[in-house]
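Structure file data-v6.cif with mmCIF, C-alpha atoms, pLDDT in the B column; chains and numbers go by the auth columns:
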data_coords
#
loop_
_atom_site.group_PDB
_atom_site.id
_atom_site.type_symbol
_atom_site.label_atom_id
_atom_site.label_comp_id
_atom_site.label_asym_id
_atom_site.label_seq_id
_atom_site.Cartn_x
_atom_site.Cartn_y
_atom_site.Cartn_z
_atom_site.B_iso_or_equiv
_atom_site.auth_seq_id
_atom_site.auth_asym_id
ATOM 1 C CA MET A 1 73.628 194.427 117.037 48.00 1 A
ATOM 2 C CA ALA A 2 75.818 193.954 120.089 49.00 2 A
ATOM 3 C CA ASP A 3 79.245 195.526 120.319 53.00 3 A
ATOM 4 C CA ARG A 4 81.910 192.870 119.597 53.00 4 A
ATOM 5 C CA ALA A 5 83.681 193.661 122.883 54.00 5 A
ATOM 6 C CA SER A 6 80.505 192.972 124.858 55.00 6 A
ATOM 7 C CA THR A 7 79.624 189.793 122.968 59.00 7 A
ATOM 8 C CA SER A 8 79.708 186.805 125.277 59.00 8 A
ATOM 9 C CA ILE A 9 81.455 183.560 124.441 57.00 9 A
ATOM 10 C CA GLU A 10 78.061 181.858 124.191 58.00 10 A
ATOM 11 C CA GLU A 11 76.944 184.387 121.552 59.00 11 A
ATOM 12 C CA MET A 12 80.050 183.670 119.474 57.00 12 A
ATOM 13 C CA ARG A 13 79.458 179.902 119.390 63.00 13 A
ATOM 14 C CA HIS A 14 79.300 178.352 115.975 61.00 14 A
ATOM 15 C CA ARG A 15 76.705 175.955 114.675 66.00 15 A
ATOM 16 C CA GLY A 16 79.505 173.427 114.426 66.00 16 A
ATOM 17 C CA ASP A 17 79.083 172.569 110.766 66.00 17 A
ATOM 18 C CA GLU A 18 80.676 175.606 109.133 69.00 18 A
ATOM 19 C CA PRO A 19 84.145 175.343 107.596 72.00 19 A
ATOM 20 C CA HIS A 20 87.079 176.852 109.466 81.00 20 A
ATOM 21 C CA LEU A 21 89.447 177.535 106.587 83.00 21 A
ATOM 22 C CA LEU A 22 91.896 179.765 108.452 83.00 22 A
ATOM 23 C CA ARG A 23 92.159 177.355 111.373 86.00 23 A
ATOM 24 C CA GLU A 24 92.797 174.445 109.010 87.00 24 A
ATOM 25 C CA VAL A 25 95.378 176.397 106.992 88.00 25 A
ATOM 26 C CA VAL A 26 97.257 177.363 110.163 88.00 26 A
ATOM 27 C CA ARG A 27 97.092 173.885 111.693 91.00 27 A
ATOM 28 C CA THR A 28 98.182 172.242 108.443 89.00 28 A
ATOM 29 C CA TYR A 29 101.055 174.719 108.036 86.00 29 A
ATOM 30 C CA GLN A 30 102.225 174.060 111.601 89.00 30 A
ATOM 31 C CA VAL A 31 102.160 170.287 111.148 90.00 31 A
ATOM 32 C CA LEU A 32 103.855 170.402 107.742 86.00 32 A
ATOM 33 C CA MET A 33 106.587 172.805 108.870 85.00 33 A
ATOM 34 C CA ALA A 34 107.251 170.857 112.080 87.00 34 A
ATOM 35 C CA GLY A 35 107.594 167.653 110.054 84.00 35 A
ATOM 36 C CA LEU A 36 109.776 169.293 107.431 83.00 36 A
ATOM 37 C CA SER A 37 111.900 170.888 110.143 85.00 37 A
ATOM 38 C CA ARG A 38 112.489 167.512 111.812 86.00 38 A
ATOM 39 C CA ARG A 39 113.221 165.890 108.484 82.00 39 A
ATOM 40 C CA ILE A 40 115.770 168.457 107.312 82.00 40 A
ATOM 41 C CA GLY A 41 117.154 169.370 110.738 85.00 41 A
ATOM 42 C CA MET A 42 116.529 173.076 110.284 88.00 42 A
ATOM 43 C CA ARG A 43 114.189 175.617 111.808 89.00 43 A
ATOM 44 C CA PRO A 44 111.316 176.628 109.499 87.00 44 A
ATOM 45 C CA SER A 45 112.363 180.290 109.684 89.00 45 A
ATOM 46 C CA HIS A 46 115.869 179.414 108.463 92.00 46 A
ATOM 47 C CA PHE A 47 114.446 177.319 105.651 89.00 47 A
ATOM 48 C CA ALA A 48 112.144 180.192 104.610 89.00 48 A
ATOM 49 C CA LEU A 49 115.084 182.612 104.566 93.00 49 A
ATOM 50 C CA MET A 50 117.237 180.229 102.544 93.00 50 A
ATOM 51 C CA ARG A 51 114.383 179.638 100.088 91.00 51 A
ATOM 52 C CA LEU A 52 113.969 183.359 99.559 93.00 52 A
ATOM 53 C CA LEU A 53 117.707 183.785 98.996 94.00 53 A
ATOM 54 C CA ALA A 54 117.726 180.842 96.573 93.00 54 A
ATOM 55 C CA VAL A 55 115.068 182.384 94.319 90.00 55 A
ATOM 56 C CA ALA A 56 115.947 186.064 94.744 85.00 56 A
ATOM 57 C CA GLY A 57 118.497 188.220 93.022 73.00 57 A
ATOM 58 C CA PRO A 58 121.928 188.870 94.516 73.00 58 A
ATOM 59 C CA ASP A 59 121.136 192.272 96.027 75.00 59 A
ATOM 60 C CA LEU A 60 118.829 191.475 98.926 88.00 60 A
ATOM 61 C CA GLY A 61 119.456 193.365 102.121 89.00 61 A
ATOM 62 C CA VAL A 62 118.137 192.568 105.565 89.00 62 A
ATOM 63 C CA MET A 63 115.286 195.078 105.189 89.00 63 A
ATOM 64 C CA ASP A 64 114.298 193.525 101.835 91.00 64 A
ATOM 65 C CA LEU A 65 114.317 190.077 103.412 93.00 65 A
ATOM 66 C CA ALA A 66 112.281 191.285 106.386 92.00 66 A
ATOM 67 C CA ARG A 67 109.624 192.810 104.119 90.00 67 A
ATOM 68 C CA GLN A 68 109.358 189.714 101.956 89.00 68 A
ATOM 69 C CA LEU A 69 109.253 187.353 104.936 89.00 69 A
ATOM 70 C CA GLY A 70 106.828 189.550 106.877 87.00 70 A
ATOM 71 C CA VAL A 71 109.015 189.745 109.992 90.00 71 A
ATOM 72 C CA ASP A 72 111.041 192.502 111.597 92.00 72 A
ATOM 73 C CA ALA A 73 114.606 193.273 110.555 90.00 73 A
ATOM 74 C CA ALA A 74 116.029 192.274 113.955 93.00 74 A
ATOM 75 C CA ALA A 75 114.614 188.750 113.544 93.00 75 A
ATOM 76 C CA VAL A 76 116.139 188.490 110.064 93.00 76 A
ATOM 77 C CA THR A 77 119.486 189.750 111.369 92.00 77 A
ATOM 78 C CA ARG A 78 119.486 187.010 114.028 94.00 78 A
ATOM 79 C CA GLN A 79 118.604 184.378 111.417 94.00 79 A
ATOM 80 C CA VAL A 80 121.326 185.617 109.065 94.00 80 A
ATOM 81 C CA GLN A 81 123.892 185.533 111.893 95.00 81 A
ATOM 82 C CA ALA A 82 122.906 181.960 112.786 95.00 82 A
ATOM 83 C CA LEU A 83 123.165 180.870 109.150 96.00 83 A
ATOM 84 C CA GLU A 84 126.500 182.707 108.794 95.00 84 A
ATOM 85 C CA ARG A 85 127.900 180.737 111.747 96.00 85 A
ATOM 86 C CA GLN A 86 126.958 177.571 109.848 95.00 86 A
ATOM 87 C CA ARG A 87 128.575 179.037 106.698 97.00 87 A
ATOM 88 C CA LEU A 88 125.254 178.758 104.810 96.00 88 A
ATOM 89 C CA VAL A 89 124.982 182.458 103.930 95.00 89 A
ATOM 90 C CA ARG A 90 127.377 185.295 103.213 94.00 90 A
ATOM 91 C CA ARG A 91 127.047 189.009 103.760 91.00 91 A
ATOM 92 C CA ARG A 92 128.803 191.608 101.689 89.00 92 A
ATOM 93 C CA ALA A 93 128.899 195.295 102.470 85.00 93 A
ATOM 94 C CA ASP A 94 127.346 197.855 100.158 81.00 94 A
ATOM 95 C CA PRO A 95 130.302 199.933 98.917 83.00 95 A
ATOM 96 C CA ARG A 96 128.087 203.057 98.734 85.00 96 A
ATOM 97 C CA ASP A 97 126.405 202.674 102.129 81.00 97 A
ATOM 98 C CA GLY A 98 128.409 201.069 104.937 74.00 98 A
ATOM 99 C CA ARG A 99 125.257 200.553 107.015 79.00 99 A
ATOM 100 C CA ARG A 100 123.752 198.259 104.406 83.00 100 A
ATOM 101 C CA SER A 101 124.843 194.749 103.542 84.00 101 A
ATOM 102 C CA TYR A 102 123.611 192.195 101.057 90.00 102 A
ATOM 103 C CA VAL A 103 122.933 188.569 101.924 93.00 103 A
ATOM 104 C CA SER A 104 123.331 185.559 99.642 93.00 104 A
ATOM 105 C CA LEU A 105 123.610 181.815 99.948 94.00 105 A
ATOM 106 C CA SER A 106 127.154 180.491 100.199 94.00 106 A
ATOM 107 C CA PRO A 107 128.163 177.543 97.998 95.00 107 A
ATOM 108 C CA LYS A 108 127.535 175.288 101.036 96.00 108 A
ATOM 109 C CA GLY A 109 124.134 176.961 101.501 95.00 109 A
ATOM 110 C CA ARG A 110 123.200 176.481 97.828 94.00 110 A
ATOM 111 C CA LYS A 111 124.093 172.789 98.028 95.00 111 A
ATOM 112 C CA LEU A 112 122.144 172.300 101.261 93.00 112 A
ATOM 113 C CA PHE A 113 119.153 174.186 99.885 92.00 113 A
ATOM 114 C CA GLY A 114 119.218 171.970 96.767 92.00 114 A
ATOM 115 C CA ASP A 115 119.111 168.897 99.025 91.00 115 A
ATOM 116 C CA ILE A 116 116.274 170.396 101.083 88.00 116 A
ATOM 117 C CA HIS A 117 114.396 171.345 97.913 88.00 117 A
ATOM 118 C CA ASP A 118 114.633 167.727 96.735 89.00 118 A
ATOM 119 C CA ARG A 119 113.286 166.539 100.114 86.00 119 A
ATOM 120 C CA ASN A 120 110.424 169.010 99.750 84.00 120 A
ATOM 121 C CA HIS A 121 109.486 167.371 96.455 86.00 121 A
ATOM 122 C CA GLU A 122 109.678 163.953 98.128 86.00 122 A
ATOM 123 C CA LEU A 123 107.239 165.211 100.764 83.00 123 A
ATOM 124 C CA GLU A 124 104.890 166.490 98.045 83.00 124 A
ATOM 125 C CA ARG A 125 105.034 163.091 96.329 86.00 125 A
ATOM 126 C CA PHE A 126 104.247 161.464 99.671 85.00 126 A
ATOM 127 C CA LEU A 127 101.280 163.823 100.142 84.00 127 A
ATOM 128 C CA SER A 128 100.007 162.779 96.726 86.00 128 A
ATOM 129 C CA SER A 129 99.317 159.374 98.254 89.00 129 A
ATOM 130 C CA VAL A 130 96.544 161.034 100.285 92.00 130 A
ATOM 131 C CA ILE A 131 95.229 163.614 97.822 90.00 131 A
ATOM 132 C CA SER A 132 95.045 163.391 94.077 90.00 132 A
ATOM 133 C CA GLU A 133 97.096 165.473 91.678 87.00 133 A
ATOM 134 C CA LYS A 134 93.910 167.383 90.804 92.00 134 A
ATOM 135 C CA GLU A 135 93.154 168.083 94.494 92.00 135 A
ATOM 136 C CA MET A 136 96.738 169.263 95.024 89.00 136 A
ATOM 137 C CA ALA A 137 96.430 171.619 92.043 91.00 137 A
ATOM 138 C CA VAL A 138 93.107 172.984 93.368 93.00 138 A
ATOM 139 C CA ALA A 139 94.562 173.463 96.859 91.00 139 A
ATOM 140 C CA THR A 140 97.586 175.241 95.418 90.00 140 A
ATOM 141 C CA THR A 141 95.379 177.528 93.325 94.00 141 A
ATOM 142 C CA VAL A 142 93.048 178.339 96.234 92.00 142 A
ATOM 143 C CA LEU A 143 95.920 179.080 98.632 90.00 143 A
ATOM 144 C CA ALA A 144 97.663 181.287 96.046 92.00 144 A
ATOM 145 C CA LYS A 145 94.420 183.213 95.452 93.00 145 A
ATOM 146 C CA LEU A 146 93.959 183.753 99.173 89.00 146 A
ATOM 147 C CA ARG A 147 97.578 184.877 99.594 85.00 147 A
ATOM 148 C CA ASP A 148 97.347 187.283 96.655 89.00 148 A
ATOM 149 C CA PHE A 149 94.040 188.696 97.934 90.00 149 A
ATOM 150 C CA ILE A 150 95.370 189.203 101.455 84.00 150 A
ATOM 151 C CA GLN A 151 98.616 190.776 100.217 78.00 151 A
ATOM 152 C CA GLY A 152 96.637 193.063 97.909 81.00 152 A
ATOM 153 C CA ALA A 153 94.324 194.096 100.741 75.00 153 A
ATOM 154 C CA LYS A 154 97.324 194.681 103.009 65.00 154 A
ATOM 155 C CA HIS A 155 98.789 197.044 100.430 61.00 155 A
ATOM 156 C CA GLY A 156 95.466 198.799 99.792 63.00 156 A
ATOM 157 C CA HIS A 157 94.628 197.018 96.514 54.00 157 A
ATOM 158 C CA GLN A 158 91.304 195.244 96.679 50.00 158 A
#

Please express the file's structure as structure tokens.
Amino acid sequence: MADRASTSIEEMRHRGDEPHLLREVVRTYQVLMAGLSRRIGMRPSHFALMRLLAVAGPDLGVMDLARQLGVDAAAVTRQVQALERQRLVRRRADPRDGRRSYVSLSPKGRKLFGDIHDRNHELERFLSSVISEKEMAVATTVLAKLRDFIQGAKHGHQ
């Protein structure tokens, strides 16, 4: 068997009829998030951060957010600062550790996230005009299984 590094492009060609699940997941995610972003007027990364804050407990620090979002802490800090300038999130210092702060949605942020959440459900209802409720449930189940498997493998649980 040839070493992967020495495999030519021609040798890597596909038959053309096999499924490309990862490519389709990524492309679909990109299209959905771009559309949602345009519709709500917010960057997908900011929406993801607000969603996490909306469902999480009150004691999430930047490092916690970074781990859960799968990005580095500096990126989360920049996102938090941008959302603070819009008064959508608040930071409060940890009284025991001055280097640590906790992030939460502000009242304005909670209201905006509620509006965005409602728009998300509108988008899902719109998508149901193309795929059935059963197909949506299957897709949701399959994607959750893949996510759980990948996260388990990433953490050494297979």

Inset, instruction - Considering all atoms listed in the file, return as number ranges by chain whatever protein or nucleic-acid residues lie within 12 Å of segment 98-100 of chain A, sequence-local ones (same chain, fewer than 2 positions apart) excluded. - result: A: 59-64, 77, 91-96, 102-103

With C-alpha atoms kept, could you save the residues just selected as a short mmCIF file (atom, residue, chain, number, x, y, z; two decimals), keeping the file's coordinate frame?
data_model
loop_
_atom_site.label_atom_id
_atom_site.label_comp_id
_atom_site.auth_asym_id
_atom_site.auth_seq_id
_atom_site.Cartn_x
_atom_site.Cartn_y
_atom_site.Cartn_z
CA ASP A 59 121.14 192.27 96.03
CA LEU A 60 118.83 191.48 98.93
CA GLY A 61 119.46 193.36 102.12
CA VAL A 62 118.14 192.57 105.56
CA MET A 63 115.29 195.08 105.19
CA ASP A 64 114.30 193.52 101.84
CA THR A 77 119.49 189.75 111.37
CA ARG A 91 127.05 189.01 103.76
CA ARG A 92 128.80 191.61 101.69
CA ALA A 93 128.90 195.30 102.47
CA ASP A 94 127.35 197.86 100.16
CA PRO A 95 130.30 199.93 98.92
CA ARG A 96 128.09 203.06 98.73
CA TYR A 102 123.61 192.20 101.06
CA VAL A 103 122.93 188.57 101.92
#

Can you check which parts of segment 116-138 of chain A lie within 12 Å of segment 31-35 of chain A? Per residue, the shortest pair of atoms and distance in Å to one decimal, counting only C-alpha atoms, sorted by chain and number, as a tab-separated table.
residue	atom	partner	partner_atom	distance
A:Arg119	CA	A:Gly35	CA	11.5
A:Asn120	CA	A:Leu32	CA	10.4
A:Leu123	CA	A:Leu32	CA	9.3
A:Glu124	CA	A:Leu32	CA	10.5
A:Leu127	CA	A:Leu32	CA	10.4

Inset, instruction - Work out how far atom CA of Ser132 of chain A is from atom CA of Lys145 of chain A, in Å to one decimal. - result: 19.9 Å

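Relative to atom CA of Ala144 of chain A, atom CA of Phe113 of chain A is found at 23.0 Å.
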
Inset, instruction - Would you mind telling me which residue in A:Ala74, A:Val80, A:Ala139, A:Val26 lies nearest to Ala48 of chain A when using all atoms listed in the file? - result: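 Looking only at the distances to Ala48 of chain A, the closest residue turns out to be A:Val80.
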
Inset, instruction - Quote the spacing between atom CA of Arg43 of chain A and atom CA of Leu83 of chain A in Å to one decimal place. - result: 10.7 Å

Legend entry - Picked residues, the PyMOL selection byres ((chain A and resi 109) around 9), as a PyMOL selection string: chain A and resi 50+54+83+86-89+104-108+110-114

Take segment 38-54 of chain A, bring it up to N, CA and C atoms, and give me the output as a JSON list (two decimals), keeping the file's coordinate frame.
[["chain", "number", "residue", "atom", "x", "y", "z"],
["A", 38, "ARG", "N", 111.87, 168.73, 111.26],
["A", 38, "ARG", "CA", 112.49, 167.51, 111.81],
["A", 38, "ARG", "C", 113.25, 166.75, 110.73],
["A", 39, "ARG", "N", 112.64, 166.68, 109.57],
["A", 39, "ARG", "CA", 113.22, 165.89, 108.48],
["A", 39, "ARG", "C", 114.52, 166.49, 107.95],
["A", 40, "ILE", "N", 114.58, 167.81, 107.88],
["A", 40, "ILE", "CA", 115.77, 168.46, 107.31],
["A", 40, "ILE", "C", 116.73, 168.95, 108.38],
["A", 41, "GLY", "N", 116.28, 168.93, 109.65],
["A", 41, "GLY", "CA", 117.15, 169.37, 110.74],
["A", 41, "GLY", "C", 117.40, 170.87, 110.74],
["A", 42, "MET", "N", 116.38, 171.63, 110.35],
["A", 42, "MET", "CA", 116.53, 173.08, 110.28],
["A", 42, "MET", "C", 115.24, 173.74, 110.72],
["A", 43, "ARG", "N", 115.37, 174.86, 111.40],
["A", 43, "ARG", "CA", 114.19, 175.62, 111.81],
["A", 43, "ARG", "C", 113.44, 176.12, 110.58],
["A", 44, "PRO", "N", 112.10, 176.14, 110.63],
["A", 44, "PRO", "CA", 111.32, 176.63, 109.50],
["A", 44, "PRO", "C", 111.68, 178.05, 109.07],
["A", 45, "SER", "N", 112.00, 178.91, 110.03],
["A", 45, "SER", "CA", 112.36, 180.29, 109.68],
["A", 45, "SER", "C", 113.66, 180.34, 108.89],
["A", 46, "HIS", "N", 114.60, 179.46, 109.21],
["A", 46, "HIS", "CA", 115.87, 179.41, 108.46],
["A", 46, "HIS", "C", 115.63, 178.87, 107.05],
["A", 47, "PHE", "N", 114.78, 177.86, 106.97],
["A", 47, "PHE", "CA", 114.45, 177.32, 105.65],
["A", 47, "PHE", "C", 113.78, 178.39, 104.78],
["A", 48, "ALA", "N", 112.84, 179.14, 105.36],
["A", 48, "ALA", "CA", 112.14, 180.19, 104.61],
["A", 48, "ALA", "C", 113.13, 181.25, 104.12],
["A", 49, "LEU", "N", 114.07, 181.62, 104.96],
["A", 49, "LEU", "CA", 115.08, 182.61, 104.57],
["A", 49, "LEU", "C", 115.97, 182.06, 103.45],
["A", 50, "MET", "N", 116.40, 180.83, 103.59],
["A", 50, "MET", "CA", 117.24, 180.23, 102.54],
["A", 50, "MET", "C", 116.47, 180.10, 101.23],
["A", 51, "ARG", "N", 115.20, 179.75, 101.30],
["A", 51, "ARG", "CA", 114.38, 179.64, 100.09],
["A", 51, "ARG", "C", 114.29, 180.98, 99.37],
["A", 52, "LEU", "N", 114.06, 182.02, 100.14],
["A", 52, "LEU", "CA", 113.97, 183.36, 99.56],
["A", 52, "LEU", "C", 115.29, 183.75, 98.91],
["A", 53, "LEU", "N", 116.39, 183.47, 99.57],
["A", 53, "LEU", "CA", 117.71, 183.78, 99.00],
["A", 53, "LEU", "C", 117.99, 182.95, 97.74],
["A", 54, "ALA", "N", 117.49, 181.72, 97.72],
["A", 54, "ALA", "CA", 117.73, 180.84, 96.57],
["A", 54, "ALA", "C", 117.01, 181.33, 95.32]]
